[in-house]
Each structure stands twice: as C-alpha cells, then as structure tokens.
file upload-v3.txt (compact mmCIF, C-alpha atoms)
# COMPACT_ATOMS: atom_id res chain seq x y z
CA MET A 1 -2.72 83.74 -129.00
CA GLN A 2 -6.01 84.80 -130.62
CA THR A 3 -6.67 83.34 -134.06
CA PRO A 4 -7.36 86.08 -136.63
CA ILE A 5 -10.92 86.04 -137.96
CA SER A 6 -11.66 86.73 -141.63
CA ARG A 7 -15.16 87.45 -142.89
CA GLN A 8 -16.71 88.26 -146.25
CA VAL A 9 -19.49 90.89 -146.17
CA ASP A 10 -21.50 92.63 -148.84
CA ILE A 11 -21.16 96.09 -147.27
CA ALA A 12 -18.74 97.43 -144.67
CA ILE A 13 -19.74 100.76 -143.10
CA VAL A 14 -16.77 102.52 -141.53
CA GLY A 15 -18.26 104.76 -138.85
CA GLY A 16 -21.26 104.13 -136.61
CA GLY A 17 -22.05 107.78 -135.89
CA LEU A 18 -25.13 109.58 -137.18
CA VAL A 19 -24.34 109.07 -140.88
CA GLY A 20 -23.14 105.47 -140.65
CA ALA A 21 -26.00 104.50 -138.34
CA SER A 22 -28.50 106.17 -140.72
CA LEU A 23 -27.15 104.06 -143.56
CA GLY A 24 -27.48 100.89 -141.50
CA CYS A 25 -31.11 101.76 -140.69
CA VAL A 26 -32.08 102.65 -144.26
CA LEU A 27 -30.55 99.36 -145.46
CA ALA A 28 -32.82 97.36 -143.11
CA PRO A 29 -35.37 96.40 -145.81
CA LEU A 30 -32.56 95.25 -148.13
CA ILE A 31 -30.96 93.25 -145.33
CA GLU A 32 -34.29 91.56 -144.62
CA ARG A 33 -35.37 91.01 -148.25
CA HIS A 34 -32.06 90.14 -149.87
CA GLY A 35 -30.09 88.73 -146.96
CA LEU A 36 -27.37 91.38 -147.28
CA SER A 37 -24.45 90.93 -144.93
CA VAL A 38 -23.48 94.27 -143.40
CA ALA A 39 -20.68 95.13 -140.98
CA VAL A 40 -20.33 98.40 -139.04
CA ILE A 41 -16.97 99.48 -137.62
CA GLU A 42 -17.04 102.18 -134.95
CA ALA A 43 -14.19 103.37 -132.75
CA ALA A 44 -16.37 104.65 -129.87
CA PRO A 45 -18.31 102.21 -127.62
CA VAL A 46 -21.68 103.63 -128.68
CA LEU A 47 -23.77 100.52 -128.07
CA ASP A 48 -23.40 100.80 -124.30
CA SER A 49 -25.81 103.74 -124.30
CA VAL A 50 -28.68 101.86 -125.96
CA ALA A 51 -29.91 100.04 -122.85
CA ALA A 52 -29.03 102.76 -120.31
CA PRO A 53 -31.81 105.04 -119.00
CA TRP A 54 -32.16 108.19 -121.08
CA GLN A 55 -30.97 111.28 -119.25
CA PRO A 56 -31.19 114.42 -121.40
CA SER A 57 -28.37 116.83 -120.66
CA PHE A 58 -28.41 120.62 -120.72
CA ASP A 59 -25.06 120.41 -122.48
CA ALA A 60 -26.04 117.91 -125.20
CA ARG A 61 -25.15 118.92 -128.77
CA SER A 62 -28.08 118.99 -131.19
CA SER A 63 -28.71 118.95 -134.93
CA ALA A 64 -31.26 120.80 -137.05
CA ILE A 65 -33.33 118.23 -138.93
CA ALA A 66 -35.15 119.55 -141.99
CA GLN A 67 -38.75 118.49 -142.61
CA GLY A 68 -37.57 116.35 -145.53
CA SER A 69 -35.09 114.58 -143.24
CA ALA A 70 -37.86 113.92 -140.71
CA GLU A 71 -39.84 112.28 -143.52
CA ARG A 72 -36.82 110.11 -144.35
CA PHE A 73 -36.59 108.99 -140.73
CA ARG A 74 -40.34 108.33 -140.79
CA ALA A 75 -39.84 106.04 -143.80
CA MET A 76 -37.20 104.15 -141.75
CA GLY A 77 -39.76 103.70 -138.95
CA LEU A 78 -37.74 105.87 -136.56
CA TRP A 79 -39.38 109.28 -136.44
CA SER A 80 -42.18 108.55 -133.95
CA VAL A 81 -39.57 107.71 -131.29
CA MET A 82 -37.02 110.30 -132.41
CA ALA A 83 -39.68 113.02 -132.19
CA GLU A 84 -40.09 112.40 -128.45
CA GLN A 85 -37.03 114.59 -127.81
CA ALA A 86 -37.41 116.91 -130.82
CA ALA A 87 -38.34 120.60 -130.73
CA ALA A 88 -40.25 121.83 -133.77
CA ILE A 89 -39.07 124.85 -135.77
CA LEU A 90 -42.29 126.67 -136.63
CA ARG A 91 -40.76 129.94 -137.79
CA ILE A 92 -37.35 131.15 -138.95
CA HIS A 93 -36.30 134.75 -138.41
CA VAL A 94 -33.31 135.99 -140.47
CA SER A 95 -31.86 139.44 -139.80
CA GLU A 96 -28.67 141.49 -139.78
CA ARG A 97 -27.58 143.31 -136.63
CA GLY A 98 -27.95 147.06 -137.01
CA ARG A 99 -30.00 146.82 -140.25
CA LEU A 100 -33.73 146.95 -140.85
CA GLY A 101 -33.98 144.06 -143.31
CA VAL A 102 -35.72 140.93 -142.02
CA THR A 103 -36.91 137.72 -143.64
CA ARG A 104 -39.47 135.51 -141.92
CA LEU A 105 -40.38 131.96 -142.93
CA THR A 106 -43.27 130.05 -141.39
CA ALA A 107 -44.40 126.45 -141.54
CA ALA A 108 -48.02 127.55 -141.81
CA GLU A 109 -47.55 129.38 -145.13
CA LEU A 110 -46.00 126.21 -146.59
CA GLY A 111 -48.75 123.96 -145.28
CA GLN A 112 -46.22 121.93 -143.24
CA PRO A 113 -46.38 120.91 -139.58
CA ALA A 114 -42.89 122.36 -139.09
CA LEU A 115 -39.99 123.81 -141.05
CA GLY A 116 -37.74 121.35 -139.27
CA TYR A 117 -36.80 120.04 -135.85
CA VAL A 118 -33.91 120.25 -133.42
CA VAL A 119 -32.92 116.88 -131.96
CA PRO A 120 -30.13 116.05 -129.47
CA ASN A 121 -27.43 114.11 -131.30
CA ALA A 122 -27.20 111.57 -128.46
CA TRP A 123 -30.93 110.82 -128.74
CA MET A 124 -30.78 110.44 -132.53
CA GLY A 125 -27.87 108.05 -132.17
CA ARG A 126 -29.63 106.10 -129.44
CA VAL A 127 -32.78 105.61 -131.53
CA MET A 128 -30.80 104.46 -134.57
CA HIS A 129 -28.50 102.15 -132.62
CA ARG A 130 -31.50 100.54 -130.94
CA ARG A 131 -32.87 99.78 -134.41
CA LEU A 132 -29.53 98.39 -135.55
CA THR A 133 -29.44 95.94 -132.62
CA GLU A 134 -32.61 94.38 -134.10
CA LEU A 135 -30.83 93.63 -137.39
CA PRO A 136 -28.35 90.85 -138.21
CA ILE A 137 -25.49 93.34 -138.50
CA ASP A 138 -21.90 92.39 -137.74
CA TRP A 139 -20.84 95.03 -135.18
CA HIS A 140 -17.19 95.81 -134.53
CA CYS A 141 -17.41 98.30 -131.70
CA PRO A 142 -15.13 99.60 -130.40
CA ALA A 143 -12.76 98.91 -133.28
CA ARG A 144 -10.76 100.89 -135.83
CA VAL A 145 -9.74 100.21 -139.40
CA GLU A 146 -5.96 99.95 -139.18
CA ALA A 147 -5.39 99.22 -142.87
CA ILE A 148 -7.58 99.34 -145.96
CA THR A 149 -6.45 97.65 -149.16
CA PRO A 150 -8.19 97.49 -152.57
CA GLU A 151 -8.72 94.01 -154.01
CA ALA A 152 -10.18 92.63 -157.22
CA GLU A 153 -13.74 92.62 -155.88
CA GLY A 154 -13.79 95.26 -153.18
CA TYR A 155 -11.59 96.10 -150.19
CA ARG A 156 -9.83 94.27 -147.41
CA LEU A 157 -10.11 95.94 -144.01
CA ALA A 158 -7.79 94.98 -141.16
CA LEU A 159 -9.45 95.90 -137.84
CA SER A 160 -7.97 96.64 -134.44
CA ASP A 161 -10.10 93.85 -132.89
CA GLY A 162 -8.13 91.27 -134.87
CA CYS A 163 -10.75 90.69 -137.54
CA THR A 164 -10.21 91.07 -141.29
CA LEU A 165 -13.19 91.98 -143.45
CA ARG A 166 -13.46 91.58 -147.20
CA ALA A 167 -16.26 93.80 -148.47
CA GLY A 168 -17.82 94.11 -151.91
CA LEU A 169 -18.65 97.73 -151.01
CA THR A 170 -16.93 99.81 -148.35
CA VAL A 171 -18.58 103.04 -147.23
CA LEU A 172 -16.46 105.68 -145.51
CA ALA A 173 -18.80 107.45 -143.07
CA ASP A 174 -16.26 108.18 -140.35
CA GLY A 175 -15.94 111.95 -140.65
CA GLY A 176 -12.97 113.79 -142.01
CA ARG A 177 -10.24 112.91 -139.49
CA SER A 178 -9.74 109.13 -139.64
CA GLY A 179 -6.92 109.20 -142.18
CA LEU A 180 -8.49 106.48 -144.31
CA LYS A 181 -9.02 108.83 -147.23
CA GLU A 182 -5.36 109.75 -147.05
CA GLN A 183 -4.39 106.06 -146.95
CA LEU A 184 -6.32 105.62 -150.19
CA GLY A 185 -4.90 108.75 -151.80
CA ILE A 186 -8.26 110.56 -151.93
CA ALA A 187 -7.49 114.27 -151.87
CA SER A 188 -9.78 116.95 -150.50
CA ASP A 189 -10.08 120.64 -151.26
CA ALA A 190 -10.08 122.73 -148.08
CA ALA A 191 -11.05 126.40 -147.90
CA PRO A 192 -10.66 127.68 -144.32
CA TYR A 193 -13.14 130.37 -143.31
CA ASP A 194 -10.77 131.66 -140.60
CA GLN A 195 -13.76 131.33 -138.31
CA VAL A 196 -14.58 129.28 -135.23
CA ALA A 197 -18.06 128.14 -134.16
CA LEU A 198 -18.71 128.49 -130.43
CA ILE A 199 -21.47 126.05 -129.49
CA ALA A 200 -23.51 125.83 -126.28
CA ASN A 201 -27.04 125.46 -124.99
CA VAL A 202 -28.67 128.52 -123.42
CA GLU A 203 -31.78 129.07 -121.34
CA MET A 204 -34.04 131.98 -122.24
CA SER A 205 -36.20 134.25 -120.09
CA ARG A 206 -39.31 133.43 -122.10
CA PRO A 207 -40.66 130.62 -124.30
CA HIS A 208 -39.16 130.56 -127.80
CA ASP A 209 -42.49 129.50 -129.39
CA GLY A 210 -40.67 127.38 -131.96
CA VAL A 211 -38.77 130.30 -133.53
CA ALA A 212 -35.25 129.76 -134.89
CA TYR A 213 -33.06 132.83 -135.35
CA GLU A 214 -30.22 133.50 -137.80
CA ARG A 215 -28.65 136.83 -136.86
CA PHE A 216 -25.77 138.17 -138.97
CA THR A 217 -23.31 140.37 -137.08
CA ARG A 218 -19.97 141.98 -137.92
CA GLU A 219 -18.12 139.17 -136.15
CA GLY A 220 -20.16 136.43 -137.81
CA PRO A 221 -23.61 134.81 -137.75
CA ILE A 222 -25.36 133.85 -134.51
CA ALA A 223 -27.89 131.02 -134.73
CA LEU A 224 -30.39 130.17 -132.00
CA LEU A 225 -32.38 126.95 -132.43
CA PRO A 226 -35.34 125.90 -130.26
CA LEU A 227 -34.95 123.04 -127.80
CA PRO A 228 -37.51 121.60 -125.35
CA GLY A 229 -38.72 124.02 -122.69
CA GLN A 230 -37.07 127.46 -122.77
CA GLN A 231 -33.71 126.20 -123.94
CA MET A 232 -32.09 127.05 -127.26
CA ALA A 233 -29.00 125.74 -129.05
CA LEU A 234 -26.46 128.50 -129.71
CA VAL A 235 -24.02 128.53 -132.65
CA TRP A 236 -21.97 131.74 -132.45
CA THR A 237 -19.41 132.24 -135.23
CA HIS A 238 -16.23 134.15 -134.38
CA PRO A 239 -13.18 135.24 -136.36
CA ALA A 240 -10.45 132.70 -135.55
CA GLY A 241 -8.81 133.57 -132.24
CA ARG A 242 -11.53 135.89 -130.96
CA GLU A 243 -13.46 133.01 -129.42
CA LYS A 244 -10.67 132.34 -126.87
CA PRO A 245 -11.34 135.32 -124.57
CA ARG A 246 -15.04 134.46 -124.56
CA LEU A 247 -14.37 130.83 -123.72
CA ALA A 248 -12.40 132.10 -120.70
CA LEU A 249 -15.22 134.35 -119.43
CA GLY A 250 -17.43 133.42 -116.52
CA ASP A 251 -21.02 132.52 -117.39
CA GLY A 252 -22.44 135.91 -116.41
CA ASP A 253 -19.94 137.92 -118.43
CA PHE A 254 -20.31 135.59 -121.41
CA LEU A 255 -24.10 135.94 -121.39
CA ALA A 256 -23.78 139.72 -121.16
CA GLU A 257 -21.57 139.79 -124.27
CA LEU A 258 -23.92 137.43 -126.09
CA GLN A 259 -26.86 139.69 -125.20
CA GLN A 260 -24.98 142.69 -126.54
CA ALA A 261 -24.13 140.91 -129.79
CA PHE A 262 -27.53 139.34 -130.45
CA GLY A 263 -29.93 141.89 -128.97
CA ASP A 264 -33.20 141.35 -127.10
CA ARG A 265 -35.27 139.87 -129.91
CA ALA A 266 -35.40 136.38 -128.34
CA GLY A 267 -35.56 137.61 -124.73
CA ARG A 268 -32.87 137.56 -122.07
CA PHE A 269 -30.16 134.91 -121.86
CA ARG A 270 -30.32 133.46 -118.33
CA ARG A 271 -28.13 130.35 -118.23
CA ILE A 272 -25.52 128.61 -120.37
CA GLY A 273 -24.16 125.08 -120.50
CA SER A 274 -20.66 123.94 -121.47
CA ARG A 275 -19.06 125.89 -124.30
CA HIS A 276 -17.17 124.19 -127.13
CA ALA A 277 -15.32 125.67 -130.11
CA TYR A 278 -14.82 124.17 -133.58
CA PRO A 279 -12.77 125.66 -136.44
CA LEU A 280 -14.76 126.05 -139.66
CA THR A 281 -13.49 124.97 -143.05
CA LEU A 282 -15.27 124.09 -146.26
CA VAL A 283 -13.93 120.64 -147.15
CA THR A 284 -14.93 118.69 -150.26
CA ALA A 285 -13.45 115.35 -151.27
CA ARG A 286 -12.28 115.25 -154.87
CA GLU A 287 -13.59 111.70 -155.18
CA THR A 288 -16.70 110.26 -153.57
CA ILE A 289 -16.74 106.94 -155.46
CA ARG A 290 -14.21 104.36 -156.60
CA PRO A 291 -14.75 100.72 -157.55
CA GLY A 292 -15.95 99.13 -154.32
CA LEU A 293 -15.93 102.42 -152.37
CA ALA A 294 -18.35 105.25 -151.52
CA VAL A 295 -17.71 108.29 -149.31
CA LEU A 296 -20.50 109.86 -147.23
CA GLY A 297 -21.09 112.64 -144.70
CA ASN A 298 -18.24 114.78 -143.41
CA ALA A 299 -15.78 112.47 -145.10
CA ALA A 300 -17.24 113.74 -148.40
CA HIS A 301 -18.12 117.33 -147.48
CA SER A 302 -17.91 119.51 -144.38
CA LEU A 303 -19.98 122.71 -144.51
CA HIS A 304 -20.30 125.94 -142.56
CA PRO A 305 -23.19 125.59 -140.07
CA VAL A 306 -24.77 128.91 -141.12
CA ALA A 307 -27.60 127.29 -143.10
CA GLY A 308 -27.90 124.14 -140.99
CA GLN A 309 -27.61 121.88 -144.04
CA GLY A 310 -24.66 119.61 -143.23
CA PHE A 311 -26.44 116.59 -141.73
CA ASN A 312 -29.47 117.00 -143.98
CA LEU A 313 -27.23 116.88 -147.05
CA ALA A 314 -25.49 113.81 -145.65
CA LEU A 315 -28.81 112.06 -144.96
CA ARG A 316 -29.93 112.60 -148.54
CA GLY A 317 -26.65 110.99 -149.59
CA VAL A 318 -27.45 108.01 -147.38
CA THR A 319 -30.89 107.49 -148.90
CA ASP A 320 -29.60 108.01 -152.45
CA LEU A 321 -26.93 105.36 -151.91
CA ALA A 322 -29.57 102.95 -150.58
CA ALA A 323 -31.73 103.62 -153.67
CA ALA A 324 -28.80 102.89 -155.99
CA LEU A 325 -28.03 99.67 -154.08
CA GLU A 326 -31.64 98.53 -154.28
CA LEU A 327 -31.63 99.09 -158.04
CA ALA A 328 -28.39 97.10 -158.31
CA LEU A 329 -29.84 94.20 -156.34
CA THR A 330 -32.94 94.17 -158.52
CA GLY A 331 -30.85 94.20 -161.70
CA GLY A 332 -28.21 91.76 -160.52
CA GLU A 333 -25.40 94.33 -160.57
CA PRO A 334 -22.46 94.21 -158.11
CA LEU A 335 -23.04 96.55 -155.17
CA GLY A 336 -19.52 97.92 -155.51
CA GLY A 337 -19.57 98.06 -159.29
CA MET A 338 -19.11 101.38 -161.03
CA LEU A 339 -22.51 101.16 -162.70
CA THR A 340 -24.08 101.16 -159.22
CA LEU A 341 -21.80 103.84 -157.85
CA ARG A 342 -22.18 106.13 -160.87
CA ASP A 343 -25.94 105.89 -160.36
CA PHE A 344 -25.38 107.01 -156.76
CA GLU A 345 -23.10 109.87 -157.83
CA ALA A 346 -25.57 111.03 -160.49
CA ARG A 347 -28.28 111.28 -157.82
CA ARG A 348 -25.99 113.36 -155.58
CA ILE A 349 -23.98 115.73 -157.75
CA VAL A 350 -26.53 118.53 -158.35
CA ASP A 351 -27.88 118.55 -154.79
CA ARG A 352 -24.38 118.57 -153.29
CA HIS A 353 -23.18 121.36 -155.58
CA GLN A 354 -26.22 123.57 -154.92
CA VAL A 355 -26.11 123.22 -151.13
CA ILE A 356 -22.35 123.83 -150.92
CA ARG A 357 -22.61 126.86 -153.19
CA PHE A 358 -25.55 128.29 -151.22
CA SER A 359 -23.97 127.79 -147.78
CA ASP A 360 -20.58 129.10 -148.85
CA GLY A 361 -22.09 132.06 -150.70
CA LEU A 362 -24.18 133.05 -147.70
CA VAL A 363 -21.13 133.09 -145.42
CA ARG A 364 -19.07 135.14 -147.83
CA LEU A 365 -21.88 137.58 -148.70
CA PHE A 366 -22.57 138.49 -145.07
CA GLY A 367 -18.88 138.42 -144.20
CA ILE A 368 -18.07 141.45 -146.38
CA ASP A 369 -17.93 144.59 -144.23
CA ASN A 370 -18.96 147.22 -146.74
CA GLY A 371 -21.54 149.92 -146.06
CA LEU A 372 -23.03 149.96 -149.55
CA LEU A 373 -23.25 146.17 -149.67
CA ALA A 374 -24.77 146.11 -146.19
CA HIS A 375 -27.63 148.33 -147.39
CA ALA A 376 -28.09 146.07 -150.41
CA ARG A 377 -28.24 143.01 -148.12
CA ALA A 378 -30.86 144.72 -145.97
CA ALA A 379 -32.91 145.59 -149.05
CA GLY A 380 -32.55 142.00 -150.22
CA LEU A 381 -33.87 140.64 -146.94
CA VAL A 382 -36.83 143.03 -147.09
CA GLY A 383 -37.50 142.09 -150.71
CA LEU A 384 -37.28 138.39 -149.96
CA ASN A 385 -39.78 138.83 -147.16
CA LEU A 386 -42.20 140.58 -149.54
CA LEU A 387 -41.81 138.11 -152.42
CA GLY A 388 -43.82 135.20 -151.08
CA PRO A 389 -43.33 132.67 -153.91
CA LEU A 390 -39.55 133.14 -153.99
CA ARG A 391 -39.30 132.95 -150.21
CA ARG A 392 -41.45 129.81 -150.13
CA GLY A 393 -39.40 128.21 -152.90
CA LEU A 394 -36.15 128.79 -151.00
CA ALA A 395 -37.75 127.47 -147.82
CA ARG A 396 -38.97 124.25 -149.50
CA ARG A 397 -35.48 123.65 -150.87
CA ALA A 398 -33.90 124.23 -147.44
CA MET A 399 -36.45 121.86 -145.91
CA GLY A 400 -35.33 119.09 -148.25
CA LEU A 401 -38.76 118.90 -149.90
CA GLU A 402 -37.42 119.95 -153.31
CA ARG A 403 -34.06 119.60 -155.07

call {"tool": "encode", "arguments": {"input": "upload-v3.txt", "output": "structure tokens"}}
result
Amino acid sequence: MQTPISRQVDIAIVGGGLVGASLGCVLAPLIERHGLSVAVIEAAPVLDSVAAPWQPSFDARSSAIAQGSAERFRAMGLWSVMAEQAAAILRIHVSERGRLGVTRLTAAELGQPALGYVVPNAWMGRVMHRRLTELPIDWHCPARVEAITPEAEGYRLALSDGCTLRAGLTVLADGGRSGLKEQLGIASDAAPYDQVALIANVEMSRPHDGVAYERFTREGPIALLPLPGQQMALVWTHPAGREKPRLALGDGDFLAELQQAFGDRAGRFRRIGSRHAYPLTLVTARETIRPGLAVLGNAAHSLHPVAGQGFNLALRGVTDLAAALELALTGGEPLGGMLTLRDFEARRIVDRHQVIRFSDGLVRLFGIDNGLLAHARAAGLVGLNLLGPLRRGLARRAMGLER
C-alpha cells in the first residue's frame, strides 16, 4: 500500500494549461530569487509533448496574441522561441456583410511591428512547459484535485496521485469546468449568447499578407486570422443549433457555404481541417479572491471570441498576480493574505470590467437585426475609419498597450 505524501508549498497552481503555465513561467524570477516552492497540478499528461519532435498540424487550434501579450512573453524570455510558429497580424479589417461601412487598423500607423500574432496553442504550451521543466517546480501531472479544503493558513488539496498539498496560496487556473469553484461555493453569473462558435483552419487561394478579418453577418460574426503560409484560423459564430447541419456537410459543401457567407474579400476557400463547435456564454465569477485563493483565466471569466481578448485578458491577470506577489515578498506579507490579494484585485478590476463590457457590447450591438440600426452601424464603421486618433486609441487598448 502506497504511503500518502504530504507537502507544504508556497503556491499551488491548479491547471497546467496556457494560463497556469504562464503563471509558472512569470513566477520564475521569484522562484529563483526567493526560493518559492511552487506546485502545478494538471489532469492531462502535457509534459510528454515537451521532448517529442514538433509536428505542426493543419487542425491545431490557435490563439490571437495581442502585441502587449507578446511583450509580456518577451519579458519571460519566451517570445523569441514562441515567435518561430507565430503569424503576425499586420492589418485588421472590420466590416458588416451587405453594408458599406469598413474599419481598417494597421500596425504601421501605430508604429508597431504587428497588431498581434496568431500562435498554435500546442506550440505555446510546449514552449512554456519546456521552460517550466528548467525550474524546481513540483509537478503533479497527470493528477486531479479531488478535494480542496480551507485551513487557517491556506488550503489543503487532496490529489488523485495520493499526495496532499498544503498551500499558502492556491490559484485556480483550470478553466470553468473542474467543479472546484462549486466545491468552494464560488458562484458565477452566466449569460448564454445562444450562439455556437464553429472553429477550423482553412487554406486560402492567395496569401493573406498578415490581414485579420472580422466580418459581421446576420447569423453572427466570422473571424479569419492569419496562420503560416496561406492558412487562416476560422471562427464562425452560429445561432445555437444552426451549426449542426454545417458540421454534417462534406468539405466542399461547407466551403461553398462559408464562401457565400463571408464573400470573396480574402480570396477563395480551398481546404478545411477538422471542425469543432463550442457553445458561447459570458461567464464571470462573483469572487476572484478569498484568503489563500485567487481565480484566473476561464475560471474567472469566459468571453465571446468576437474581439479575441479572452487569453490576453487572462495573461494580464497572470502578470498582475505576479506583481502583487513580488510586492508581498518584498514587504514580508503572506502570499495568500488579503492585503496581497486585494492588491491583485485592484490591479485587475477596471481592465476586466472594460474588456468584458466591450466584448459583450460588440456582440449584442451587431446581433440586433434592425435596418435603421444597421445603417447606423455602417456609418459608425465609416466614421471610425476616418477618425484616426479614436481608431488608434481603440487599437492600442485592444493590443494591450494601454488600459
């Protein structure tokens, strides 16, 4: 019979996906300078992919990384490698199907090398996990948190691998479906959009030249994001239920319907990878901090993909938590103390509120099928394109360069 193992750690990160791995990487200087003990608990066997040869897949899911997020990864020492598989977004083209209004944003007018980048999720994870293997981190992978219990100075975590962790600070970065929030009685507000995102990679008939498209249609927005070569990442929003017939179509028929819905602005759609569908709901946790506990990423907020801000918002949360922890270490405060965590929450609250309000408002504004409002939207897009300073200000905020 295996003897249960009990360990005391300063920080336990529940979730080794993109958000949890980002936190582990950004904590590297604090681990090295202050001797922090950090544990990461991840249910999927992600570390097996670190040493395997990299084989990019046509079907790999990708994320839009804002310029500000790229700078954060650069500060972690990761961007030079991460950029090897990144496609730069040099221009963004926003339009509404059947209307004349268009807004164009360019990196050149902002004096930036790019507005952002599109990076395969698997590659991002690989780069971060490789960095984490260089740190004295206590990995529990694959393992799940089977029970989480508050104690006087943090939380006790019972793991499926037989280990028990006692952590001064526990960070929930495991997405919104683990059930740990429910175990702790942390409620969330959920506002379903009654929409489903159909996601796939597509190959175009001509080079995309670094242009990302956001095309609003009657059914919902269609986003095309540049990938290496002539590939683009497709996010096609459907009213709930209407995605099912399209998922059942053959590739040729699906591409024909996509061409009809999007138009010819980006060229012809020639090939498509695997298609996946995800229901869309705005979810916000009512609490993101408690004594000894912080909530990050999709566990704290899940956004509509229309503005591509979900991971970028989460990454800013990661770096803000690290900044609050560094201040606590310098001042001798407990990492899980409420003084530390209120500092973290104060750094996050305005940014989180603004991004959620902007993303949600954009979905609802373009989701109203009203002729008069449609003309007003078109006029607004034209006006935004003409008003350079306003357009540039919105772009800098979306890029994560201003808050």

call {"tool": "closest_residue", "arguments": {"input": "upload-v3.txt", "among": "A:Thr330, A:Thr103, A:Thr288, A:Asn312", "to": "Glu214 (chain A)", "atoms": "only C-alpha atoms"}}
result
A:Thr103

call {"tool": "residues_near_point", "arguments": {"input": "upload-v3.txt", "point": "(-25.7, 106.1, -132.2)", "cutoff": "7 Å", "atoms": "only C-alpha atoms", "output": "PyMOL selection string"}}
result
chain A and resi 16-18+21+46+122+124-126+128-129

call {"tool": "residues_around", "arguments": {"input": "upload-v3.txt", "residues": "Arg347 (chain A)", "least_positions_apart": "2", "cutoff": "10 Å", "atoms": "all atoms listed in the file", "output": "number ranges by chain"}}
result
A: 316-317, 320-321, 323-324, 341-345, 349-352

call {"tool": "atom_distance", "arguments": {"input": "upload-v3.txt", "atom1": "CA of Ile31 (chain A)", "atom2": "CA of Ala147 (chain A)"}}
result
26.4 Å

call {"tool": "closest_residue", "arguments": {"input": "upload-v3.txt", "among": "A:Arg290, A:Arg91, A:His276, A:Arg130", "to": "Pro113 (chain A)", "atoms": "all atoms listed in the file"}}
result
A:Arg91

call {"tool": "atom_distance", "arguments": {"input": "upload-v3.txt", "atom1": "CA of Ala223 (chain A)", "atom2": "CA of Asp194 (chain A)"}}
result
18.1 Å

call {"tool": "atom_distance", "arguments": {"input": "upload-v3.txt", "atom1": "CA of Arg166 (chain A)", "atom2": "CA of Gln8 (chain A)"}}
result
4.7 Å

call {"tool": "residues_around", "arguments": {"input": "upload-v3.txt", "residues": "Ile199 (chain A)", "least_positions_apart": "2", "cutoff": "10 Å", "atoms": "only C-alpha atoms", "output": "list in words"}}
result
Asp59, Arg61, Ser62, Val196, Ala197, Asn201, Val202, Ala223, Ala233, Leu234, Val235, Trp236, Thr237, Gly273, Ser274, Arg275, His276, Ala277 and Tyr278 of chain A

call {"tool": "axis_aligned_box", "arguments": {"input": "upload-v3.txt", "around": "region 341-353 of chain A", "padding_each_side": "8 Å", "output": "AutoDock Vina command-line options"}}
result
--center_x -25.0 --center_y 112.6 --center_z -157.1 --size_x 22.5 --size_y 33.5 --size_z 23.6

call {"tool": "residues_around", "arguments": {"input": "upload-v3.txt", "residues": "Gly336 (chain A)", "least_positions_apart": "3", "cutoff": "8 Å", "atoms": "only C-alpha atoms", "output": "PyMOL selection string"}}
result
chain A and resi 153-154+168-170+291-293+340-341

call {"tool": "residues_around", "arguments": {"input": "upload-v3.txt", "residues": "Gly229 (chain A)", "least_positions_apart": "3", "cutoff": "9 Å", "atoms": "all atoms listed in the file", "output": "ChimeraX atom specification"}}
result
/A:87,203,207-208,226,232

call {"tool": "closest_residue", "arguments": {"input": "upload-v3.txt", "among": "A:Cys163, A:Leu198, A:Leu315, A:Val355", "to": "Ala70 (chain A)", "atoms": "all atoms listed in the file"}}
result
A:Leu315

call {"tool": "closest_residue", "arguments": {"input": "upload-v3.txt", "among": "A:Ala39, A:Leu90, A:Phe216, A:Gln309", "to": "Ala108 (chain A)", "atoms": "all atoms listed in the file"}}
result
A:Leu90

call {"tool": "closest_residue", "arguments": {"input": "upload-v3.txt", "among": "A:Ala12, A:Leu132, A:Val40, A:Ala261", "to": "Leu78 (chain A)", "atoms": "all atoms listed in the file"}}
result
A:Leu132

call {"tool": "closest_residue", "arguments": {"input": "upload-v3.txt", "among": "A:Arg131, A:Arg104, A:Arg7, A:Arg286", "to": "Ser22 (chain A)", "atoms": "only C-alpha atoms"}}
result
A:Arg131

call {"tool": "residues_around", "arguments": {"input": "upload-v3.txt", "residues": "Ala173 (chain A)", "least_positions_apart": "5", "cutoff": "9 Å", "atoms": "only C-alpha atoms", "output": "short mmCIF file (atom, residue, chain, number, x, y, z; two decimals) with C-alpha atoms, in the frame of the given file"}}
result
data_model
loop_
_atom_site.label_atom_id
_atom_site.label_comp_id
_atom_site.auth_asym_id
_atom_site.auth_seq_id
_atom_site.Cartn_x
_atom_site.Cartn_y
_atom_site.Cartn_z
CA ILE A 13 -19.74 100.76 -143.10
CA VAL A 14 -16.77 102.52 -141.53
CA GLY A 15 -18.26 104.76 -138.85
CA GLY A 16 -21.26 104.13 -136.61
CA GLY A 17 -22.05 107.78 -135.89
CA LEU A 18 -25.13 109.58 -137.18
CA VAL A 19 -24.34 109.07 -140.88
CA GLY A 20 -23.14 105.47 -140.65
CA ALA A 294 -18.35 105.25 -151.52
CA VAL A 295 -17.71 108.29 -149.31
CA LEU A 296 -20.50 109.86 -147.23
CA GLY A 297 -21.09 112.64 -144.70
CA ASN A 298 -18.24 114.78 -143.41
CA ALA A 299 -15.78 112.47 -145.10
CA ALA A 300 -17.24 113.74 -148.40
#
